[in-house]
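Student: Sharing a structure here in structure tokens format.
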Amino acid sequence: MSKFAKNYYSVRKNGEFQHLFKKGESIVTYAFVCYYKESKRRGNRLGVMASKKIGNAVKRNRARRIIKEAFRLANPLMLEKTDKRYDFVFVARGKTPELDSRQIYGLLIKQLLPRV
């Protein structure tokens with residue numbers, strides 16, 4: 001496995017996103033909203049959404065990119081902390097493109113790890 005390989009799987013189908021929105025628990029911060037639910041899969045899964053309210057395509061892609069990078073860095077800590085696996089959906093908010101992945105990572109560690 002290369003140094004830059006993903007260490008998580010993706011939530012891809014619309015039904016999976018909708019299931020997490022309806023049945024999952026949520027965490028709200030100024031940078032993102034996170035929906036999560038326990039899963040029986042072998043690894044954590046990630047889905048990221050950025051609506052047109054965020055801005056143009058460049059800003060939406062930046063928001064997705066920094067959330068994915070922060071999750072990539074935080075995922076080994078989550079896997080180490082618990083034997084449970086989760087599905088996560090992050091919804092970017094207006095401030096997200098202005099932040100960097102270290103700030104998002106700090107929020108993930110502070111808000112998400114105590115609940116998982």
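In the structure tokens, chains take the letters A, B, ... in the order shown, each chain's residues start at 1, and ligands count up from 1 in the order shown.
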What are the nearest atom pairs, with distances in Å to one decimal, for all residues of range 24-57 of chain A that come at most 8 Å from range 90-99 of chain A, using only C-alpha atoms, set out by chain and rising residue number as a Markdown table?

Tutor:
| residue | atom | partner | partner_atom | distance |
| --- | --- | --- | --- | --- |
| A:Tyr30 | CA | A:Lys95 | CA | 7.0 |
| A:Ala31 | CA | A:Thr96 | CA | 4.9 |
| A:Phe32 | CA | A:Ala92 | CA | 4.7 |
| A:Val33 | CA | A:Val91 | CA | 5.1 |
| A:Cys34 | CA | A:Phe90 | CA | 4.5 |
| A:Tyr35 | CA | A:Phe90 | CA | 6.5 |
| A:Leu46 | CA | A:Phe90 | CA | 7.7 |
| A:Gly47 | CA | A:Phe90 | CA | 6.2 |
| A:Val48 | CA | A:Phe90 | CA | 4.8 |
| A:Met49 | CA | A:Val91 | CA | 4.8 |
| A:Ala50 | CA | A:Ala92 | CA | 5.1 |
| A:Ser51 | CA | A:Ala92 | CA | 7.6 |
| A:Lys53 | CA | A:Gly94 | CA | 7.2 |
| A:Ile54 | CA | A:Gly94 | CA | 5.0 |
| A:Gly55 | CA | A:Gly94 | CA | 7.9 |

Student: Write out as an mmCIF file with all heavy atoms, in the first residue's frame all residues of range 42-94 of chain A that DSSP puts in strand (DSSP E or B) for this structure's backbone.

Tutor:
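result_33.cif written:
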data_model
loop_
_atom_site.group_PDB
_atom_site.id
_atom_site.type_symbol
_atom_site.label_atom_id
_atom_site.label_comp_id
_atom_site.auth_asym_id
_atom_site.auth_seq_id
_atom_site.Cartn_x
_atom_site.Cartn_y
_atom_site.Cartn_z
ATOM 1 N N ARG A 45 -16.657 4.128 6.733
ATOM 2 C CA ARG A 45 -16.981 4.650 5.406
ATOM 3 C C ARG A 45 -17.268 6.137 5.510
ATOM 4 O O ARG A 45 -17.775 6.616 6.512
ATOM 5 C CB ARG A 45 -18.202 3.944 4.817
ATOM 6 C CG ARG A 45 -17.943 2.492 4.533
ATOM 7 C CD ARG A 45 -18.985 1.861 3.668
ATOM 8 N NE ARG A 45 -20.342 2.198 4.064
ATOM 9 C CZ ARG A 45 -21.390 2.108 3.247
ATOM 10 N NH1 ARG A 45 -21.236 1.698 2.017
ATOM 11 N NH2 ARG A 45 -22.595 2.418 3.676
ATOM 12 N N LEU A 46 -16.943 6.856 4.454
ATOM 13 C CA LEU A 46 -17.074 8.309 4.436
ATOM 14 C C LEU A 46 -17.830 8.767 3.206
ATOM 15 O O LEU A 46 -17.586 8.300 2.107
ATOM 16 C CB LEU A 46 -15.675 8.952 4.423
ATOM 17 C CG LEU A 46 -15.612 10.457 4.198
ATOM 18 C CD1 LEU A 46 -16.194 11.205 5.386
ATOM 19 C CD2 LEU A 46 -14.191 10.882 3.946
ATOM 20 N N GLY A 47 -18.741 9.710 3.422
ATOM 21 C CA GLY A 47 -19.416 10.411 2.344
ATOM 22 C C GLY A 47 -19.334 11.899 2.636
ATOM 23 O O GLY A 47 -19.470 12.303 3.786
ATOM 24 N N VAL A 48 -19.102 12.712 1.615
ATOM 25 C CA VAL A 48 -18.974 14.158 1.800
ATOM 26 C C VAL A 48 -19.906 14.851 0.826
ATOM 27 O O VAL A 48 -19.950 14.500 -0.352
ATOM 28 C CB VAL A 48 -17.523 14.635 1.563
ATOM 29 C CG1 VAL A 48 -17.407 16.119 1.785
ATOM 30 C CG2 VAL A 48 -16.561 13.884 2.459
ATOM 31 N N MET A 49 -20.639 15.830 1.332
ATOM 32 C CA MET A 49 -21.542 16.621 0.497
ATOM 33 C C MET A 49 -21.191 18.091 0.635
ATOM 34 O O MET A 49 -20.849 18.548 1.716
ATOM 35 C CB MET A 49 -22.992 16.453 0.944
ATOM 36 C CG MET A 49 -23.575 15.108 0.679
ATOM 37 S SD MET A 49 -25.280 15.012 1.218
ATOM 38 C CE MET A 49 -26.007 16.400 0.408
ATOM 39 N N ARG A 85 -17.301 -0.077 13.876
ATOM 40 C CA ARG A 85 -17.090 0.622 12.621
ATOM 41 C C ARG A 85 -18.322 1.459 12.330
ATOM 42 O O ARG A 85 -19.436 1.100 12.690
ATOM 43 C CB ARG A 85 -16.845 -0.361 11.474
ATOM 44 C CG ARG A 85 -15.628 -1.240 11.698
ATOM 45 C CD ARG A 85 -14.365 -0.404 11.775
ATOM 46 N NE ARG A 85 -13.214 -1.218 12.090
ATOM 47 C CZ ARG A 85 -12.544 -1.139 13.228
ATOM 48 N NH1 ARG A 85 -12.896 -0.303 14.162
ATOM 49 N NH2 ARG A 85 -11.485 -1.895 13.437
ATOM 50 N N TYR A 86 -18.115 2.580 11.652
ATOM 51 C CA TYR A 86 -19.186 3.539 11.434
ATOM 52 C C TYR A 86 -19.236 3.979 9.976
ATOM 53 O O TYR A 86 -18.239 3.933 9.264
ATOM 54 C CB TYR A 86 -18.972 4.791 12.297
ATOM 55 C CG TYR A 86 -19.126 4.532 13.777
ATOM 56 C CD1 TYR A 86 -18.039 4.139 14.550
ATOM 57 C CD2 TYR A 86 -20.349 4.700 14.401
ATOM 58 C CE1 TYR A 86 -18.177 3.906 15.898
ATOM 59 C CE2 TYR A 86 -20.497 4.477 15.757
ATOM 60 C CZ TYR A 86 -19.414 4.075 16.498
ATOM 61 O OH TYR A 86 -19.555 3.841 17.843
ATOM 62 N N ASP A 87 -20.429 4.455 9.592
ATOM 63 C CA ASP A 87 -20.610 5.172 8.337
ATOM 64 C C ASP A 87 -20.742 6.643 8.697
ATOM 65 O O ASP A 87 -21.484 6.996 9.618
ATOM 66 C CB ASP A 87 -21.875 4.712 7.616
ATOM 67 C CG ASP A 87 -21.764 3.291 7.081
ATOM 68 O OD1 ASP A 87 -20.638 2.775 6.981
ATOM 69 O OD2 ASP A 87 -22.813 2.713 6.749
ATOM 70 N N PHE A 88 -20.034 7.506 7.995
ATOM 71 C CA PHE A 88 -20.060 8.941 8.252
ATOM 72 C C PHE A 88 -20.477 9.673 6.987
ATOM 73 O O PHE A 88 -20.047 9.317 5.898
ATOM 74 C CB PHE A 88 -18.665 9.457 8.637
ATOM 75 C CG PHE A 88 -18.115 8.887 9.897
ATOM 76 C CD1 PHE A 88 -17.272 7.790 9.866
ATOM 77 C CD2 PHE A 88 -18.429 9.456 11.118
ATOM 78 C CE1 PHE A 88 -16.743 7.264 11.030
ATOM 79 C CE2 PHE A 88 -17.918 8.943 12.285
ATOM 80 C CZ PHE A 88 -17.072 7.839 12.251
ATOM 81 N N VAL A 89 -21.299 10.713 7.163
ATOM 82 C CA VAL A 89 -21.590 11.648 6.084
ATOM 83 C C VAL A 89 -21.319 13.037 6.636
ATOM 84 O O VAL A 89 -21.880 13.424 7.664
ATOM 85 C CB VAL A 89 -23.044 11.539 5.584
ATOM 86 C CG1 VAL A 89 -23.361 12.687 4.649
ATOM 87 C CG2 VAL A 89 -23.261 10.233 4.864
ATOM 88 N N PHE A 90 -20.447 13.766 5.972
ATOM 89 C CA PHE A 90 -20.130 15.139 6.346
ATOM 90 C C PHE A 90 -20.779 16.071 5.336
ATOM 91 O O PHE A 90 -20.644 15.879 4.133
ATOM 92 C CB PHE A 90 -18.614 15.370 6.348
ATOM 93 C CG PHE A 90 -17.919 14.718 7.494
ATOM 94 C CD1 PHE A 90 -17.442 13.424 7.400
ATOM 95 C CD2 PHE A 90 -17.724 15.413 8.674
ATOM 96 C CE1 PHE A 90 -16.804 12.821 8.451
ATOM 97 C CE2 PHE A 90 -17.080 14.823 9.740
ATOM 98 C CZ PHE A 90 -16.623 13.521 9.637
ATOM 99 N N VAL A 91 -21.468 17.070 5.852
ATOM 100 C CA VAL A 91 -22.064 18.099 5.010
ATOM 101 C C VAL A 91 -21.290 19.388 5.271
ATOM 102 O O VAL A 91 -21.245 19.872 6.402
ATOM 103 C CB VAL A 91 -23.561 18.295 5.329
ATOM 104 C CG1 VAL A 91 -24.158 19.360 4.435
ATOM 105 C CG2 VAL A 91 -24.308 16.975 5.189
ATOM 106 N N ALA A 92 -20.652 19.894 4.239
ATOM 107 C CA ALA A 92 -19.842 21.110 4.379
ATOM 108 C C ALA A 92 -20.750 22.309 4.622
ATOM 109 O O ALA A 92 -21.879 22.361 4.145
ATOM 110 C CB ALA A 92 -19.011 21.317 3.122
#

Student: From the options A:Gly106, A:Asn14, A:Leu112, A:Met78, which residue's atoms come nearest to Tyr36 in chain A, counting only C-alpha atoms?

Tutor: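 Residue with the minimum atom-to-atom distance to Tyr36 in chain A: A:Leu112.
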
Student: Check range 50-84 of chain A with DSSP on the backbone and list each residue it calls alpha helix (DSSP H), as a ChimeraX atom specification.

Tutor: /A:57-81

Student: Could you work out how far CA of Lys37 in chain A lies from CA of Leu20 in chain A, giving the answer in Å with one decimal?

Tutor: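 Atom-to-atom, CA of Leu20 in chain A to CA of Lys37 in chain A, that is 6.6 Å.
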
Student: Could you please determine the separation between CA of Ser101 in chain A and CA of Tyr9 in chain A in Å, to one decimal place?

Tutor: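 Separation between CA of Ser101 in chain A and CA of Tyr9 in chain A: 19.2 Å.
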
Student: Please list as number ranges by chain every residue within 10 Å of Ile104 in chain A, counting only C-alpha atoms and excluding residues in the same chain fewer than 2 positions away.

Tutor: A: 29, 31-32, 66-71, 74, 96, 99-102, 106-110

Student: To one decimal place, how far is CA of Glu38 in chain A from CA of Glu80 in chain A in Å?

Tutor: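 So the two atoms, CA of Glu38 in chain A and CA of Glu80 in chain A, lie 15.7 Å apart.
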
Student: With only C-alpha atoms as the counted atoms, please give the residues lying no more than 12 Å from Leu79 in chain A, apart from itself and same-chain residues fewer than 3 positions off, as JSON, numbers by chain.

Tutor: {"A": [7, 8, 42, 43, 44, 45, 71, 72, 73, 74, 75, 76, 82, 83, 84, 85, 86, 113, 116]}
